[in-house]
Amino acid sequence: MKVLIVEDSPEVVEAVKLCFELRWPGSLVVSTGLGNKAVELVETESPDIAIIDLGLPDMDGLDVLKEIRTFSDIPVLILTVRDDEVSKVKGLELGADDYIVKPFIHMELLARVRAILRRSHMPQLKGGERPLALGDLVIDFAGREITRGGEAIQLTPTEWRLLAELVRNEGKVLTYETLLRRVWGDNYINAAENVKKYVYRLRQKLGDNALDPQIIISVRGLGYKLVRPD
């Protein structure tokens, strides 16, 4: 496994590196303390996961994440001293897979990484891996492509996982808690508002009118279900 650590503290880099070497012997760790270099390394090194600090000397870590998400769906874990809710929400909305506040516990870091890597694999869908048609939407989970009326739609990794979970359970109501656990992980089971924000954004991208949705249906007080439009 190849890991990219974006961190300007050598002590933190060594601590994270040790975690991976103990849990996954033979892991290759690439590190940089600069945001611009991190974006370059994601392109040239193709790491399996990136761990990004927000307080970088040349640019904010959130801007690094934003740049990465323009071309890559690599799993990203934010590791930072910032513990305010605004930074956490912003990081997740920009496409981070998880967020840990320093100082961190080594076992927790490894547990979060394992969960991220599990979730980064798309779940098996009904009908195998053939493209799925929902009205003028065509979803190709094998190729990680989605089009609406022939036009490509870009989804973040979290949006992909959310859509995949809804498709895999087509016609079945998934509660907020179930979606949080399966898409975000056990640490977010009390964050129903996070699900609502992502469903709102997903509907916008899919062209599913929030006032009269035809694909992702709200079940008041419970959660959501995906149906095929008439």
# chains A, B, ... in the order shown; residues from 1 in each chain; ligands from 1

$ residues_around --residues "Arg201 of chain A" --least-positions-apart "5" --cutoff "12 Å" --atoms "only C-alpha atoms" --output "PyMOL selection string"
chain A and resi 93-94+154-156+158-160+162-163+194-196+206-210+216

$ residues_around --residues "Lys90 of chain A" --least-positions-apart "4" --cutoff "12 Å" --atoms "only C-alpha atoms" --output "list in words"
Leu54, Gly61, Leu62, Asp63, Leu65, Lys66, Ile78, Arg82, Asp83, Asp84, Glu85, Val86, Leu94, Gly95, Ala96, Asp97, Asp98, Tyr99, Asn194 and Lys197 of chain A

$ residues_around --residues "Pro10 of chain A" --least-positions-apart "3" --cutoff "10 Å" --atoms "only C-alpha atoms" --output "ChimeraX atom specification"
/A:7,13-16,31-33

$ write_last_selection --atoms "C-alpha atoms" --output "short mmCIF file (atom, residue, chain, number, x, y, z; two decimals), in the first residue's frame"
data_model
loop_
_atom_site.label_atom_id
_atom_site.label_comp_id
_atom_site.auth_asym_id
_atom_site.auth_seq_id
_atom_site.Cartn_x
_atom_site.Cartn_y
_atom_site.Cartn_z
CA GLU A 7 2.25 17.28 6.98
CA VAL A 13 5.06 12.18 9.80
CA GLU A 14 7.20 9.65 11.67
CA ALA A 15 4.33 8.74 14.02
CA VAL A 16 1.91 8.15 11.15
CA SER A 31 5.41 12.70 2.46
CA THR A 32 5.54 16.42 1.84
CA GLY A 33 4.97 19.50 3.95
#

$ select_by_dssp --residues "segment 6-225 of chain A" --states "strand (DSSP E)" --output "PyMOL selection string"
chain A and resi 6+28-32+49-52+76-80+98-101+132-134+137-140+145-148+151-152+174-175+216-219+223-225

$ closest_residue --among "A:Leu28, A:Leu18, A:Ala38, A:Leu179" --to "Leu109 of chain A" --atoms "only C-alpha atoms"
A:Leu18

$ residues_around --residues "Leu222 of chain A" --least-positions-apart "2" --cutoff "8 Å" --atoms "only C-alpha atoms" --output "PDB file with C-alpha atoms, in the first residue's frame"
ATOM      1  CA  VAL A 173     -36.098   2.660   2.948  1.00  0.00           C
ATOM      2  CA  LEU A 174     -32.652   3.334   4.409  1.00  0.00           C
ATOM      3  CA  THR A 175     -32.714   5.242   7.688  1.00  0.00           C
ATOM      4  CA  TYR A 176     -30.404   8.166   8.391  1.00  0.00           C
ATOM      5  CA  VAL A 219     -39.489   9.128   3.896  1.00  0.00           C
ATOM      6  CA  ARG A 220     -40.409  11.633   6.568  1.00  0.00           C
ATOM      7  CA  TYR A 224     -34.563   7.865   1.948  1.00  0.00           C
TER       8      TYR A 224
END

$ select_by_dssp --residues "segment 101-201 of chain A" --states "alpha helix (DSSP H)" --output "number ranges by chain"
A: 106-119, 157-168, 176-179, 192-201

$ write_last_selection --atoms "N, CA, C and O atoms" --output "compact mmCIF listing (two decimals), in the first residue's frame"
# COMPACT_ATOMS: atom_id res chain seq x y z
N HIS A 106 -3.01 6.18 18.13
CA HIS A 106 -2.56 5.38 16.99
C HIS A 106 -3.59 4.33 16.58
O HIS A 106 -3.83 4.13 15.39
N MET A 107 -4.20 3.66 17.54
CA MET A 107 -5.18 2.62 17.22
C MET A 107 -6.41 3.22 16.54
O MET A 107 -7.00 2.60 15.66
N GLU A 108 -6.79 4.42 16.96
CA GLU A 108 -7.93 5.07 16.32
C GLU A 108 -7.60 5.42 14.87
O GLU A 108 -8.42 5.22 13.97
N LEU A 109 -6.40 5.95 14.64
CA LEU A 109 -5.99 6.28 13.28
C LEU A 109 -6.06 5.06 12.38
O LEU A 109 -6.62 5.11 11.27
N LEU A 110 -5.53 3.94 12.84
CA LEU A 110 -5.54 2.71 12.05
C LEU A 110 -6.96 2.22 11.80
O LEU A 110 -7.30 1.77 10.71
N ALA A 111 -7.82 2.33 12.83
CA ALA A 111 -9.21 1.89 12.68
C ALA A 111 -9.93 2.75 11.64
O ALA A 111 -10.70 2.24 10.81
N ARG A 112 -9.70 4.07 11.69
CA ARG A 112 -10.33 4.96 10.72
C ARG A 112 -9.83 4.67 9.30
O ARG A 112 -10.62 4.69 8.35
N VAL A 113 -8.54 4.42 9.17
CA VAL A 113 -7.98 4.12 7.85
C VAL A 113 -8.57 2.83 7.30
O VAL A 113 -8.95 2.75 6.13
N ARG A 114 -8.66 1.80 8.14
CA ARG A 114 -9.25 0.53 7.69
C ARG A 114 -10.68 0.75 7.22
O ARG A 114 -11.10 0.19 6.20
N ALA A 115 -11.44 1.55 7.97
CA ALA A 115 -12.83 1.81 7.59
C ALA A 115 -12.90 2.56 6.26
O ALA A 115 -13.75 2.26 5.41
N ILE A 116 -12.03 3.54 6.07
CA ILE A 116 -12.01 4.29 4.82
C ILE A 116 -11.69 3.38 3.64
O ILE A 116 -12.34 3.44 2.60
N LEU A 117 -10.69 2.53 3.81
CA LEU A 117 -10.30 1.64 2.72
C LEU A 117 -11.41 0.64 2.40
O LEU A 117 -11.62 0.28 1.24
N ARG A 118 -12.14 0.18 3.43
CA ARG A 118 -13.28 -0.71 3.17
C ARG A 118 -14.35 0.01 2.38
O ARG A 118 -14.90 -0.53 1.42
N ARG A 119 -14.65 1.25 2.79
CA ARG A 119 -15.72 1.99 2.12
C ARG A 119 -15.34 2.45 0.73
O ARG A 119 -16.22 2.73 -0.08
N PRO A 157 -16.27 11.13 -4.00
CA PRO A 157 -16.29 9.73 -3.52
C PRO A 157 -17.44 9.46 -2.56
O PRO A 157 -18.05 8.39 -2.61
N THR A 158 -17.73 10.40 -1.66
CA THR A 158 -18.83 10.20 -0.71
C THR A 158 -20.16 10.15 -1.43
O THR A 158 -21.04 9.34 -1.10
N GLU A 159 -20.35 11.01 -2.44
CA GLU A 159 -21.59 10.98 -3.21
C GLU A 159 -21.72 9.66 -3.96
O GLU A 159 -22.83 9.11 -4.06
N TRP A 160 -20.62 9.14 -4.48
CA TRP A 160 -20.66 7.84 -5.14
C TRP A 160 -21.10 6.75 -4.17
O TRP A 160 -21.94 5.90 -4.50
N ARG A 161 -20.53 6.73 -2.98
CA ARG A 161 -20.87 5.70 -2.00
C ARG A 161 -22.33 5.80 -1.59
O ARG A 161 -23.01 4.80 -1.42
N LEU A 162 -22.81 7.04 -1.41
CA LEU A 162 -24.20 7.25 -1.03
C LEU A 162 -25.13 6.75 -2.14
O LEU A 162 -26.11 6.03 -1.87
N LEU A 163 -24.82 7.12 -3.37
CA LEU A 163 -25.65 6.67 -4.50
C LEU A 163 -25.61 5.16 -4.64
O LEU A 163 -26.64 4.51 -4.85
N ALA A 164 -24.43 4.57 -4.49
CA ALA A 164 -24.30 3.12 -4.60
C ALA A 164 -25.13 2.40 -3.55
O ALA A 164 -25.76 1.38 -3.83
N GLU A 165 -25.13 2.93 -2.32
CA GLU A 165 -25.89 2.31 -1.25
C GLU A 165 -27.39 2.38 -1.53
O GLU A 165 -28.13 1.41 -1.30
N LEU A 166 -27.84 3.51 -2.05
CA LEU A 166 -29.25 3.65 -2.40
C LEU A 166 -29.64 2.72 -3.54
O LEU A 166 -30.70 2.08 -3.51
N VAL A 167 -28.77 2.62 -4.56
CA VAL A 167 -29.05 1.75 -5.70
C VAL A 167 -29.07 0.29 -5.27
O VAL A 167 -29.93 -0.49 -5.67
N ARG A 168 -28.11 -0.08 -4.45
CA ARG A 168 -28.01 -1.48 -3.99
C ARG A 168 -29.25 -1.90 -3.21
O ARG A 168 -29.60 -3.08 -3.16
N TYR A 176 -31.57 7.29 8.29
CA TYR A 176 -30.40 8.17 8.39
C TYR A 176 -29.24 7.43 9.06
O TYR A 176 -28.10 7.52 8.62
N GLU A 177 -29.55 6.70 10.13
CA GLU A 177 -28.51 6.00 10.88
C GLU A 177 -27.83 4.93 10.02
O GLU A 177 -26.61 4.76 10.07
N THR A 178 -28.62 4.20 9.22
CA THR A 178 -28.06 3.17 8.35
C THR A 178 -27.13 3.78 7.31
O THR A 178 -26.02 3.29 7.07
N LEU A 179 -27.57 4.87 6.69
CA LEU A 179 -26.75 5.52 5.68
C LEU A 179 -25.47 6.09 6.29
O LEU A 179 -24.39 5.97 5.70
N ALA A 192 -27.46 13.19 11.27
CA ALA A 192 -28.47 13.08 10.22
C ALA A 192 -28.43 14.26 9.26
O ALA A 192 -28.71 14.12 8.07
N GLU A 193 -28.09 15.45 9.77
CA GLU A 193 -28.04 16.63 8.90
C GLU A 193 -27.01 16.46 7.79
O GLU A 193 -27.15 17.01 6.70
N ASN A 194 -25.96 15.69 8.07
CA ASN A 194 -24.94 15.44 7.06
C ASN A 194 -25.53 14.66 5.88
O ASN A 194 -25.24 14.96 4.72
N VAL A 195 -26.37 13.67 6.19
CA VAL A 195 -27.03 12.90 5.14
C VAL A 195 -27.92 13.81 4.30
O VAL A 195 -27.92 13.76 3.07
N LYS A 196 -28.68 14.67 4.97
CA LYS A 196 -29.61 15.54 4.26
C LYS A 196 -28.87 16.48 3.30
O LYS A 196 -29.32 16.73 2.18
N LYS A 197 -27.71 17.00 3.75
CA LYS A 197 -26.92 17.89 2.89
C LYS A 197 -26.43 17.15 1.65
O LYS A 197 -26.48 17.68 0.53
N TYR A 198 -25.95 15.93 1.85
CA TYR A 198 -25.42 15.18 0.72
C TYR A 198 -26.53 14.74 -0.24
O TYR A 198 -26.33 14.72 -1.46
N VAL A 199 -27.68 14.37 0.30
CA VAL A 199 -28.81 14.01 -0.57
C VAL A 199 -29.25 15.21 -1.38
O VAL A 199 -29.54 15.09 -2.58
N TYR A 200 -29.27 16.39 -0.76
CA TYR A 200 -29.63 17.61 -1.48
C TYR A 200 -28.68 17.86 -2.64
O TYR A 200 -29.11 18.14 -3.77
N ARG A 201 -27.36 17.72 -2.39
CA ARG A 201 -26.37 17.93 -3.43
C ARG A 201 -26.46 16.86 -4.51
O ARG A 201 -26.33 17.14 -5.70

$ atom_distance --atom1 "atom CA of Glu151 of chain A" --atom2 "atom CA of Glu40 of chain A"
28.1 Å

$ residues_around --residues "Val101 of chain A" --least-positions-apart "4" --cutoff "6 Å" --atoms "only C-alpha atoms" --output "list in words"
Leu79, Thr80, Val81 and Asp83 of chain A

$ write_last_selection --atoms "N, CA, C and O atoms" --output "compact mmCIF listing (two decimals), in the first residue's frame"
# COMPACT_ATOMS: atom_id res chain seq x y z
N LEU A 79 -6.09 15.10 9.12
CA LEU A 79 -5.49 14.95 10.44
C LEU A 79 -4.97 16.32 10.85
O LEU A 79 -3.98 16.80 10.30
N THR A 80 -5.64 16.97 11.82
CA THR A 80 -5.35 18.37 12.09
C THR A 80 -5.63 18.73 13.55
O THR A 80 -6.32 17.99 14.25
N VAL A 81 -5.11 19.89 13.96
CA VAL A 81 -5.41 20.39 15.30
C VAL A 81 -6.74 21.15 15.32
O VAL A 81 -7.26 21.44 16.40
N ASP A 83 -10.34 21.72 15.64
CA ASP A 83 -11.46 20.90 16.12
C ASP A 83 -12.79 21.63 16.05
O ASP A 83 -13.77 21.22 16.69

$ closest_residue --among "A:Pro57, A:Lys225, A:Ile74, A:Met1" --to "Arg23 of chain A" --atoms "only C-alpha atoms"
A:Met1

$ closest_residue --among "A:Met59, A:Ile153, A:Leu4, A:Ile100" --to "Pro47 of chain A" --atoms "only C-alpha atoms"
A:Leu4

$ atom_distance --atom1 "atom CA of Ser72 of chain A" --atom2 "atom CA of Glu45 of chain A"
12.0 Å

$ residues_around --residues "Val3 of chain A" --least-positions-apart "6" --cutoff "9 Å" --atoms "only C-alpha atoms" --output "PDB file with C-alpha atoms, in the first residue's frame"
ATOM      1  CA  LYS A  17       4.556   6.275   9.157  1.00  0.00           C
ATOM      2  CA  PHE A  20       1.331   2.039   8.793  1.00  0.00           C
ATOM      3  CA  SER A  27       3.836   0.008   3.014  1.00  0.00           C
ATOM      4  CA  LEU A  28       5.455   2.776   0.998  1.00  0.00           C
ATOM      5  CA  VAL A  29       5.068   6.185   2.626  1.00  0.00           C
ATOM      6  CA  VAL A  30       5.532   9.377   0.604  1.00  0.00           C
ATOM      7  CA  SER A  31       5.411  12.698   2.459  1.00  0.00           C
ATOM      8  CA  PRO A  47      -1.234   6.694  -3.579  1.00  0.00           C
ATOM      9  CA  ASP A  48      -3.918   4.460  -2.090  1.00  0.00           C
ATOM     10  CA  ILE A  49      -4.784   7.015   0.603  1.00  0.00           C
ATOM     11  CA  ALA A  50      -3.771  10.567   1.529  1.00  0.00           C
ATOM     12  CA  ILE A  51      -3.557  11.948   5.070  1.00  0.00           C
TER      13      ILE A  51
END

$ atom_distance --atom1 "atom CA of Val138 of chain A" --atom2 "atom CA of Glu67 of chain A"
26.6 Å

$ closest_residue --among "A:Glu170, A:Asp140, A:Asp58, A:Asp212" --to "Asp8 of chain A" --atoms "only C-alpha atoms"
A:Asp58
